[in-house]
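Chemist: This is the content of input.csv (CSV, C-alpha atoms):
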```csv
chain,number,residue,atom,x,y,z
V,1,MET,CA,139.6,-107.9,102.1
V,2,GLU,CA,141.5,-111.1,101.5
V,3,THR,CA,139.5,-113.9,99.9
V,4,THR,CA,141.1,-116.7,101.9
V,5,ASN,CA,142.3,-116.9,105.5
V,6,SER,CA,140.8,-113.5,106.3
V,7,ASN,CA,139.8,-112.6,109.8
V,8,PRO,CA,136.0,-113.2,109.9
V,9,LEU,CA,135.3,-109.9,111.7
V,10,LEU,CA,136.9,-107.9,108.9
V,11,CYS,CA,133.8,-107.7,106.7
V,12,ASP,CA,134.1,-106.5,103.2
V,13,ILE,CA,132.0,-103.3,103.0
V,14,GLU,CA,131.7,-103.3,99.2
V,15,SER,CA,130.6,-107.0,98.9
V,16,GLY,CA,128.6,-106.9,102.1
V,17,VAL,CA,130.1,-110.1,103.4
V,18,CYS,CA,131.6,-111.3,106.7
V,19,GLU,CA,133.7,-114.2,105.5
V,20,MET,CA,135.2,-117.1,107.4
V,21,PRO,CA,138.9,-118.0,107.2
V,22,ASP,CA,140.0,-120.9,105.0
V,23,SER,CA,136.6,-121.0,103.5
V,24,SER,CA,135.7,-124.0,101.5
V,25,LEU,CA,135.0,-123.7,97.8
V,26,GLU,CA,131.4,-123.3,96.8
V,27,THR,CA,129.5,-126.5,96.0
V,28,THR,CA,126.0,-127.2,95.0
V,29,VAL,CA,124.0,-129.4,97.3
V,30,GLN,CA,120.4,-130.2,97.1
V,31,THR,CA,118.5,-128.2,99.7
V,32,GLU,CA,115.3,-129.2,101.4
V,33,ALA,CA,112.4,-127.9,99.4
V,34,ALA,CA,109.8,-125.4,100.7
V,35,THR,CA,106.8,-127.1,102.3
V,36,HIS,CA,104.4,-124.8,104.2
V,37,LYS,CA,104.8,-121.8,101.8
V,38,PRO,CA,105.9,-121.6,98.1
V,39,VAL,CA,109.4,-120.5,99.0
V,40,LYS,CA,111.8,-121.5,101.8
V,41,VAL,CA,114.7,-119.1,102.6
V,42,ILE,CA,117.6,-120.8,104.3
V,43,TYR,CA,119.4,-117.9,106.0
V,44,PHE,CA,122.9,-118.5,107.2
V,45,THR,CA,123.8,-115.8,109.7
V,46,ASP,CA,125.7,-115.1,113.0
V,47,PRO,CA,124.6,-113.0,116.0
V,48,ILE,CA,127.8,-110.8,115.8
V,49,CYS,CA,127.8,-110.4,112.0
V,50,SER,CA,127.8,-106.7,111.2
V,51,SER,CA,126.8,-107.3,107.6
V,52,CYS,CA,123.8,-109.3,108.8
V,53,TRP,CA,122.8,-106.3,110.9
V,54,GLY,CA,123.2,-104.3,107.8
V,55,ILE,CA,120.4,-106.2,105.9
V,56,GLU,CA,117.8,-105.9,108.6
V,57,PRO,CA,116.0,-103.1,106.8
V,58,GLN,CA,115.8,-105.2,103.5
V,59,LEU,CA,114.8,-108.4,105.4
V,60,ARG,CA,112.0,-106.6,107.4
V,61,LYS,CA,110.6,-105.1,104.2
V,62,LEU,CA,110.6,-108.4,102.4
V,63,LYS,CA,108.7,-110.0,105.3
V,64,LEU,CA,106.0,-107.2,105.1
V,65,GLU,CA,105.6,-107.2,101.3
V,66,TYR,CA,106.0,-111.0,100.6
V,67,GLY,CA,105.7,-112.7,103.9
V,68,ASP,CA,102.7,-114.8,102.7
V,69,TYR,CA,105.0,-116.6,100.2
V,70,PHE,CA,108.1,-117.6,102.1
V,71,GLU,CA,109.3,-119.0,105.4
V,72,ILE,CA,112.8,-118.4,106.8
V,73,ASP,CA,114.9,-121.2,108.2
V,74,TYR,CA,117.5,-119.4,110.3
V,75,ARG,CA,120.8,-121.2,110.5
V,76,MET,CA,123.9,-120.2,112.5
V,77,GLY,CA,127.2,-120.3,110.6
V,78,GLY,CA,129.8,-119.9,113.3
V,79,LEU,CA,131.6,-116.7,112.3
V,80,LEU,CA,134.1,-116.5,115.1
V,81,PRO,CA,135.1,-119.8,116.7
V,82,ASP,CA,137.9,-118.1,118.7
V,83,TRP,CA,140.8,-115.7,118.3
V,84,SER,CA,143.3,-118.1,116.8
V,85,TYR,CA,143.5,-115.9,113.6
V,86,ASN,CA,146.1,-113.4,112.7
V,87,SER,CA,145.2,-112.2,109.3
V,88,GLY,CA,143.3,-109.5,107.3
V,89,GLY,CA,144.8,-106.8,109.5
V,90,ILE,CA,142.9,-108.0,112.6
V,91,SER,CA,144.7,-110.1,115.2
V,92,LYS,CA,143.0,-109.1,118.5
V,93,PRO,CA,139.6,-107.8,119.5
V,94,SER,CA,140.6,-104.1,119.8
V,95,ASP,CA,141.4,-104.2,116.0
V,96,VAL,CA,137.7,-104.6,115.3
V,97,ALA,CA,136.5,-101.4,117.0
V,98,HIS,CA,137.4,-99.0,114.2
V,99,HIS,CA,136.3,-101.4,111.5
V,100,TRP,CA,132.8,-101.7,113.0
V,101,ASP,CA,132.5,-97.9,113.2
V,102,GLU,CA,133.2,-97.8,109.4
V,103,VAL,CA,130.7,-100.6,108.8
V,104,SER,CA,128.1,-98.6,110.7
V,105,ARG,CA,128.5,-95.6,108.5
V,106,HIS,CA,128.5,-97.6,105.3
V,107,TYR,CA,125.2,-99.5,106.2
V,108,ASP,CA,123.7,-96.5,108.0
V,109,MET,CA,122.9,-98.8,110.9
V,110,PRO,CA,124.0,-98.0,114.4
V,111,ILE,CA,127.0,-100.0,115.5
V,112,ASP,CA,129.3,-99.0,118.4
V,113,GLY,CA,132.6,-100.7,117.9
V,114,ASP,CA,133.8,-99.8,121.4
V,115,VAL,CA,132.5,-103.1,122.7
V,116,TRP,CA,135.7,-104.6,121.3
V,117,LEU,CA,137.7,-102.2,123.6
V,118,GLU,CA,135.5,-102.4,126.7
V,119,ASP,CA,134.2,-106.0,126.9
V,120,PRO,CA,135.3,-108.0,123.8
V,121,LEU,CA,133.7,-111.3,122.8
V,122,ASN,CA,135.9,-114.4,122.7
V,123,SER,CA,133.7,-116.3,120.3
V,124,SER,CA,130.3,-116.1,118.5
V,125,TYR,CA,129.6,-119.7,119.3
V,126,PRO,CA,127.9,-119.1,122.7
V,127,PRO,CA,125.2,-116.7,121.3
V,128,SER,CA,124.8,-119.0,118.3
V,129,ILE,CA,124.0,-121.9,120.6
V,130,ALA,CA,121.8,-119.6,122.6
V,131,PHE,CA,119.8,-118.9,119.4
V,132,LYS,CA,119.3,-122.6,118.8
V,133,ALA,CA,118.1,-122.9,122.4
V,134,ALA,CA,115.6,-120.1,121.8
V,135,GLN,CA,114.4,-121.8,118.6
V,136,LEU,CA,113.3,-124.8,120.7
V,137,GLN,CA,110.7,-122.4,122.3
V,138,GLY,CA,109.3,-121.2,119.0
V,139,HIS,CA,110.3,-119.5,115.7
V,140,ASP,CA,109.0,-116.0,116.5
V,141,LYS,CA,110.4,-115.9,120.0
V,142,ALA,CA,113.8,-117.0,118.6
V,143,ILE,CA,113.8,-114.1,116.1
V,144,HIS,CA,112.8,-111.7,118.9
V,145,PHE,CA,115.7,-113.1,120.9
V,146,LEU,CA,118.2,-112.6,118.1
V,147,ARG,CA,117.1,-109.0,117.5
V,148,ILE,CA,117.4,-108.2,121.2
V,149,SER,CA,120.8,-109.8,121.3
V,150,ARG,CA,122.0,-107.8,118.4
V,151,GLU,CA,120.7,-104.6,119.8
V,152,MET,CA,122.5,-105.3,123.0
V,153,LEU,CA,125.8,-106.0,121.2
V,154,PHE,CA,125.7,-103.3,118.4
V,155,LEU,CA,124.1,-100.5,120.4
V,156,GLU,CA,124.6,-101.1,124.1
V,157,LYS,CA,128.2,-102.6,123.8
V,158,ILE,CA,127.1,-105.7,125.8
V,159,ASN,CA,129.1,-108.9,125.5
V,160,ILE,CA,126.4,-111.3,124.4
V,161,ALA,CA,128.8,-114.3,124.7
V,162,LYS,CA,128.4,-114.1,128.5
V,163,TRP,CA,125.7,-116.2,130.0
V,164,GLU,CA,124.2,-113.5,132.2
V,165,HIS,CA,123.5,-111.4,129.1
V,166,MET,CA,122.2,-114.3,127.1
V,167,ALA,CA,119.8,-115.0,129.9
V,168,ALA,CA,118.7,-111.4,130.1
V,169,ALA,CA,118.0,-111.4,126.4
V,170,ALA,CA,116.0,-114.6,126.8
V,171,GLU,CA,113.9,-113.0,129.5
V,172,LYS,CA,113.2,-109.9,127.5
V,173,ALA,CA,112.2,-112.1,124.6
V,174,GLY,CA,109.6,-113.9,126.7
V,175,LEU,CA,111.4,-117.2,126.9
V,176,ASN,CA,111.3,-119.6,129.7
V,177,VAL,CA,114.7,-118.9,131.0
V,178,GLU,CA,115.0,-122.1,133.1
V,179,GLN,CA,114.2,-124.2,130.0
V,180,PHE,CA,116.5,-122.0,127.9
V,181,GLU,CA,119.4,-122.8,130.2
V,182,ILE,CA,118.7,-126.5,130.0
V,183,ASP,CA,118.5,-126.5,126.2
V,184,TYR,CA,121.6,-124.2,126.0
V,185,ASN,CA,123.6,-126.8,127.9
V,186,GLY,CA,122.0,-129.7,126.1
V,187,GLU,CA,120.2,-130.1,122.8
V,188,ALA,CA,121.1,-126.7,121.4
V,189,LYS,CA,124.8,-127.6,121.0
V,190,GLY,CA,123.9,-130.5,118.7
V,191,LEU,CA,121.6,-128.3,116.7
V,192,PHE,CA,124.3,-125.8,116.2
V,193,GLU,CA,126.7,-128.5,115.0
V,194,GLN,CA,124.1,-129.5,112.5
V,195,ASP,CA,124.0,-125.9,111.2
V,196,LEU,CA,127.7,-125.9,110.8
V,197,GLN,CA,127.7,-129.2,109.0
V,198,LEU,CA,124.9,-127.9,106.6
V,199,ALA,CA,126.9,-124.7,106.0
V,200,ALA,CA,129.9,-126.8,105.0
V,201,GLN,CA,127.9,-129.0,102.7
V,202,LEU,CA,126.4,-126.0,101.0
V,203,GLY,CA,129.7,-124.3,100.6
V,204,VAL,CA,128.7,-121.3,102.7
V,205,ARG,CA,131.7,-119.0,102.8
V,206,GLY,CA,130.4,-116.0,104.7
V,207,PHE,CA,127.4,-114.1,106.0
V,208,PRO,CA,124.7,-113.2,105.2
V,209,THR,CA,124.0,-116.1,102.7
V,210,MET,CA,120.5,-116.9,101.7
V,211,PHE,CA,119.2,-119.7,99.6
V,212,PHE,CA,115.8,-119.2,98.1
V,213,VAL,CA,114.3,-122.7,97.5
V,214,ASP,CA,111.1,-123.5,95.7
V,215,SER,CA,108.7,-126.4,96.2
V,216,GLU,CA,110.8,-128.6,93.9
V,217,GLY,CA,114.1,-127.9,95.5
V,218,ASN,CA,115.4,-125.4,93.0
V,219,GLN,CA,117.6,-122.8,94.6
V,220,GLU,CA,118.7,-119.2,94.1
V,221,LYS,CA,121.5,-117.9,96.2
V,222,VAL,CA,122.0,-114.3,97.4
V,223,TYR,CA,125.5,-113.8,99.0
V,224,GLY,CA,126.3,-110.7,101.0
V,225,THR,CA,124.4,-107.6,101.8
V,226,LYS,CA,122.5,-106.5,98.7
V,227,PRO,CA,119.9,-103.8,97.9
V,228,TYR,CA,116.3,-104.8,98.5
V,229,ALA,CA,115.6,-105.4,94.8
V,230,VAL,CA,118.0,-108.3,94.8
V,231,TYR,CA,116.2,-110.2,97.5
V,232,GLU,CA,112.8,-109.4,95.9
V,233,GLU,CA,114.1,-110.7,92.5
V,234,ALA,CA,115.4,-113.9,94.0
V,235,LEU,CA,112.0,-114.6,95.6
V,236,LEU,CA,110.0,-113.8,92.4
V,237,LYS,CA,112.3,-116.0,90.4
V,238,GLN,CA,111.4,-119.0,92.6
V,239,PHE,CA,107.7,-118.0,92.8
V,240,PRO,CA,106.7,-115.6,90.0
V,241,ALA,CA,103.0,-115.6,91.1
V,242,ALA,CA,103.9,-113.8,94.4
V,243,SER,CA,102.1,-110.4,94.6
V,244,LYS,CA,103.5,-107.6,96.7
V,245,LYS,CA,101.5,-106.4,99.6
V,246,THR,CA,101.2,-102.7,100.2
V,247,ILE,CA,102.8,-101.7,103.5
V,248,ASP,CA,100.8,-99.6,105.8
V,249,THR,CA,103.3,-96.8,106.3
V,250,ASP,CA,101.6,-95.3,109.4
V,251,TRP,CA,104.3,-95.0,112.0
V,252,GLN,CA,102.2,-96.6,114.7
V,253,LYS,CA,101.5,-99.6,112.5
V,254,LEU,CA,105.2,-100.0,111.7
V,255,PHE,CA,106.2,-99.8,115.4
V,256,THR,CA,103.4,-102.2,116.3
V,257,LYS,CA,104.8,-104.7,113.9
V,258,TYR,CA,108.5,-104.1,114.7
V,259,ASN,CA,108.9,-102.7,118.2
V,260,THR,CA,112.2,-101.1,117.4
V,261,LEU,CA,113.4,-99.4,114.3
V,262,THR,CA,116.5,-97.6,113.2
V,263,ALA,CA,116.2,-94.5,111.0
V,264,ARG,CA,117.2,-96.5,107.9
V,265,GLU,CA,114.7,-99.3,108.7
V,266,PHE,CA,112.0,-96.7,109.2
V,267,SER,CA,112.9,-95.1,105.9
V,268,GLU,CA,112.9,-98.5,104.1
V,269,LEU,CA,109.5,-99.4,105.4
V,270,SER,CA,107.7,-96.1,105.3
V,271,GLU,CA,109.3,-94.9,102.0
V,272,MET,CA,110.0,-91.6,103.7
V,273,PRO,CA,113.3,-90.1,102.3
V,274,ARG,CA,116.2,-91.0,104.6
V,275,GLU,CA,117.2,-87.4,105.2
V,276,GLN,CA,113.7,-86.8,106.7
V,277,THR,CA,113.4,-89.8,109.0
V,278,GLY,CA,115.6,-88.7,111.8
V,279,GLN,CA,113.8,-85.4,112.3
V,280,PHE,CA,110.4,-87.1,112.0
V,281,LEU,CA,111.3,-89.7,114.7
V,282,GLN,CA,112.7,-87.0,116.9
V,283,THR,CA,109.3,-85.3,116.9
V,284,LEU,CA,107.7,-88.6,118.1
V,285,VAL,CA,110.2,-88.7,120.9
V,286,LYS,CA,109.4,-85.1,121.9
V,287,SER,CA,105.7,-85.9,121.9
V,288,GLY,CA,106.2,-88.8,124.2
V,289,ASN,CA,105.4,-91.6,121.7
V,290,LEU,CA,108.8,-93.1,121.3
V,291,ASP,CA,112.0,-93.6,123.2
V,292,GLU,CA,115.4,-93.1,121.6
V,293,VAL,CA,118.5,-95.2,122.2
V,294,VAL,CA,121.5,-93.1,121.3
V,295,THR,CA,124.9,-94.3,120.2
V,296,LYS,CA,127.9,-92.5,118.8
V,297,ASN,CA,127.0,-93.9,115.4
V,298,GLY,CA,123.3,-93.5,115.2
V,299,SER,CA,120.1,-94.2,117.1
V,300,LEU,CA,117.4,-96.8,117.6
V,301,TRP,CA,113.8,-95.8,118.3
V,302,ARG,CA,111.2,-97.9,120.2
V,303,ILE,CA,107.8,-97.6,121.7
V,304,LEU,CA,108.3,-96.9,125.4
V,305,GLY,CA,109.0,-100.0,127.4
V,306,GLN,CA,109.4,-102.2,124.3
V,307,HIS,CA,112.2,-104.3,122.9
V,308,GLY,CA,112.9,-105.3,119.4
V,309,SER,CA,111.6,-108.2,117.4
```
Show this structure as structure tokens.
Modeler:
Amino acid sequence: METTNSNPLLCDIESGVCEMPDSSLETTVQTEAATHKPVKVIYFTDPICSSCWGIEPQLRKLKLEYGDYFEIDYRMGGLLPDWSYNSGGISKPSDVAHHWDEVSRHYDMPIDGDVWLEDPLNSSYPPSIAFKAAQLQGHDKAIHFLRISREMLFLEKINIAKWEHMAAAAEKAGLNVEQFEIDYNGEAKGLFEQDLQLAAQLGVRGFPTMFFVDSEGNQEKVYGTKPYAVYEEALLKQFPAASKKTIDTDWQKLFTKYNTLTAREFSELSEMPREQTGQFLQTLVKSGNLDEVVTKNGSLWRILGQHGS
């Protein structure tokens, strides 16, 4: 992958980064210190970032093991403003399809690249603004909305830049859809612009980017999709007194906490060897406990009638 002027959708599989074109050089800016919990994680992401989908297993595990010690401030980075790029081997939406299939295999997370052939997105700005509108109705609902949106895009090949699909995700997430629409067309746009400005100030060049900030404003940055231990180490560096919680690995408890899980997510959280998780989850489908969403590049499992969070 080129380091400058690359197409943002051509994510570097090895570094785990979806990088923006003409990225600014990295700078150090004082970030807002943690307040409610010992560590604040400023997470720059994008609804259509495949590498961000790739770290869901690590992020979910970090929340279960160390959630008492950190809060996450989700920020939208603006990965794809439009299709005015012609670089990195990608010049039109259809060029992304094969790349996303490769990313899916690398991260072992289900992604169906055919959305770029069937109903391609023109920009990631609309779903980013939609997330800011969801945030106005509460942090947890916004995270639920983002997960649902990503499942719609990566598994169901749904163009989440279209209003009807954003509204459907909002309804599934339990948002007040009427207020969501008002905020989407109003305050959320300004909030998204603030996120873009902060990303520029912090020298954010791609996604995922996380800043682990302690109570004094000291920061540790993790750039790209990394193994779980890297995120754990960054947290402990900022707050060494954090103690790891033991995850209850019972499948019902895991699916109660996270209504939808991929095989890799279930493996990460349950500590069941990855080669065994698919068969185990299949038995739960056969026994009527779970529903399976099948794609050409893997599956998602959920408690019947539930949507992800």
Chemist: Quick one: pull the distance between atom CA of Val293 of chain V and atom CA of Leu9 of chain V, Å, one decimal.
Modeler: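 Atom-to-atom, atom CA of Val293 of chain V to atom CA of Leu9 of chain V, that is 24.7 Å.
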Chemist: Compare V:Phe211, V:Trp163, V:Tyr231, V:Trp83 by their minimum atom-to-atom distance to Glu65 of chain V, counting all atoms listed in the file, and give me the closest one.
Modeler: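 Of V:Phe211, V:Trp163, V:Tyr231, V:Trp83, the one nearest Glu65 of chain V is V:Tyr231, counting all atoms listed in the file.
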Chemist: Taking (116.4, -101.9, 97.4) as a centre in this file's frame and 12 Å as the limit, can you find every polymer residue with an atom that close, using only C-alpha atoms, and give them as a short mmCIF file (atom, residue, chain, number, x, y, z; two decimals) with C-alpha atoms, in the coordinates of the input?
Modeler:
```cif
data_model
loop_
_atom_site.label_atom_id
_atom_site.label_comp_id
_atom_site.auth_asym_id
_atom_site.auth_seq_id
_atom_site.Cartn_x
_atom_site.Cartn_y
_atom_site.Cartn_z
CA ILE V 55 120.40 -106.20 105.90
CA GLU V 56 117.80 -105.90 108.60
CA PRO V 57 116.00 -103.10 106.80
CA GLN V 58 115.80 -105.20 103.50
CA LEU V 59 114.80 -108.40 105.40
CA ARG V 60 112.00 -106.60 107.40
CA LYS V 61 110.60 -105.10 104.20
CA LEU V 62 110.60 -108.40 102.40
CA THR V 225 124.40 -107.60 101.80
CA LYS V 226 122.50 -106.50 98.70
CA PRO V 227 119.90 -103.80 97.90
CA TYR V 228 116.30 -104.80 98.50
CA ALA V 229 115.60 -105.40 94.80
CA VAL V 230 118.00 -108.30 94.80
CA TYR V 231 116.20 -110.20 97.50
CA GLU V 232 112.80 -109.40 95.90
CA GLU V 233 114.10 -110.70 92.50
CA ARG V 264 117.20 -96.50 107.90
CA GLU V 265 114.70 -99.30 108.70
CA SER V 267 112.90 -95.10 105.90
CA GLU V 268 112.90 -98.50 104.10
CA LEU V 269 109.50 -99.40 105.40
CA GLU V 271 109.30 -94.90 102.00
#
```
Chemist: Distance atom CA of Asp46 of chain V-atom CA of Glu193 of chain V, one decimal place?
Modeler: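 Interatomic distance, atom CA of Asp46 of chain V to atom CA of Glu193 of chain V: 13.6 Å.
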Chemist: Just to confirm, what's the straight-line distance from atom CA of Tyr223 of chain V to atom CA of Ser94 of chain V in Å (one decimal)?
Modeler: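 Atom CA of Ser94 of chain V lies at a distance of 27.5 Å from atom CA of Tyr223 of chain V.
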Chemist: Do a neighbour search on Lys162 of chain V at 12 Å with only C-alpha atoms, toss out local chain neighbours closer than 3 positions, and write the hits as a list in words.
Modeler: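 Here the qualifying residues turn out to be Asp119, Pro120, Leu121, Asn122, Ser123, Ser124, Tyr125, Pro126, Pro127, Ser128, Ile129, Ala130, Ser149, Met152, Leu153, Ile158, Asn159, His165, Met166, Ala167, Ala168 and Ala169 of chain V.
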Chemist: Out of V:Thr209, V:Asn297, V:Gln252, V:Thr246, which residue has the shortest atom-to-atom distance to Gly67 of chain V when counting all atoms listed in the file?
Modeler: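 For Gly67 of chain V, the nearest of the candidates is V:Thr246.
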Chemist: Need to verify the contact set: segment 102-105 of chain V, 10 Å, only C-alpha atoms, exclusion of same-chain residues closer than 3 positions in sequence. Can you return it as a list in words?
Modeler: Leu10, Cys11, Asp12, Ile13, Gly16, Ser50, Ser51, Trp53, Gly54, Ala97, His98, His99, Asp108, Met109, Pro110, Ile111, Asp112, Gly113, Phe154, Asn297 and Gly298 of chain V
Chemist: Emit the selected residues as a PDB file, in the frame of the given file, including C-alpha atoms.
Modeler:
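Here's the written file again.pdb:
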```pdb
ATOM      1  CA  LEU V  10     136.900-107.900 108.900  1.00  0.00           C
ATOM      2  CA  CYS V  11     133.800-107.700 106.700  1.00  0.00           C
ATOM      3  CA  ASP V  12     134.100-106.500 103.200  1.00  0.00           C
ATOM      4  CA  ILE V  13     132.000-103.300 103.000  1.00  0.00           C
ATOM      5  CA  GLY V  16     128.600-106.900 102.100  1.00  0.00           C
ATOM      6  CA  SER V  50     127.800-106.700 111.200  1.00  0.00           C
ATOM      7  CA  SER V  51     126.800-107.300 107.600  1.00  0.00           C
ATOM      8  CA  TRP V  53     122.800-106.300 110.900  1.00  0.00           C
ATOM      9  CA  GLY V  54     123.200-104.300 107.800  1.00  0.00           C
ATOM     10  CA  ALA V  97     136.500-101.400 117.000  1.00  0.00           C
ATOM     11  CA  HIS V  98     137.400 -99.000 114.200  1.00  0.00           C
ATOM     12  CA  HIS V  99     136.300-101.400 111.500  1.00  0.00           C
ATOM     13  CA  ASP V 108     123.700 -96.500 108.000  1.00  0.00           C
ATOM     14  CA  MET V 109     122.900 -98.800 110.900  1.00  0.00           C
ATOM     15  CA  PRO V 110     124.000 -98.000 114.400  1.00  0.00           C
ATOM     16  CA  ILE V 111     127.000-100.000 115.500  1.00  0.00           C
ATOM     17  CA  ASP V 112     129.300 -99.000 118.400  1.00  0.00           C
ATOM     18  CA  GLY V 113     132.600-100.700 117.900  1.00  0.00           C
ATOM     19  CA  PHE V 154     125.700-103.300 118.400  1.00  0.00           C
ATOM     20  CA  ASN V 297     127.000 -93.900 115.400  1.00  0.00           C
ATOM     21  CA  GLY V 298     123.300 -93.500 115.200  1.00  0.00           C
TER      22      GLY V 298
END
```
Chemist: If you count all atoms listed in the file, which residues fall within 10 Å of Ala188 of chain V, apart from same-chain ones fewer than 6 positions away, as a list in words?
Modeler: Ser128, Ile129, Ala130, Phe131, Lys132, Ala133, Ala134, Gln135, Leu136, Phe180, Glu181, Ile182 and Gln194 of chain V
Chemist: Nearest to Gly77 of chain V: which of V:Pro47, V:Pro273, V:Gly217, V:Gly174 is it, counting all atoms listed in the file?
Modeler: V:Pro47
Chemist: Point out the residue among V:Ser215, V:Asp82, V:Arg75, V:Phe266 with the least atom-to-atom distance to Ile143 of chain V, counting only C-alpha atoms.
Modeler: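 So, comparing all the options, the nearest one is V:Arg75.
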Chemist: Choose the residue, out of V:Phe255, V:Met76, V:His36, V:Gln276, that has the smallest atom-to-atom separation from Asn289 of chain V; count only C-alpha atoms.
Modeler: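 Between V:Phe255, V:Met76, V:His36, V:Gln276, the residue approaching Asn289 of chain V most closely is V:Phe255.
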Chemist: Out of V:Trp100, V:Tyr74, V:Trp116, V:Phe145, which residue has the shortest atom-to-atom distance to Leu191 of chain V when counting only C-alpha atoms?
Modeler: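 Closest candidate: V:Tyr74.
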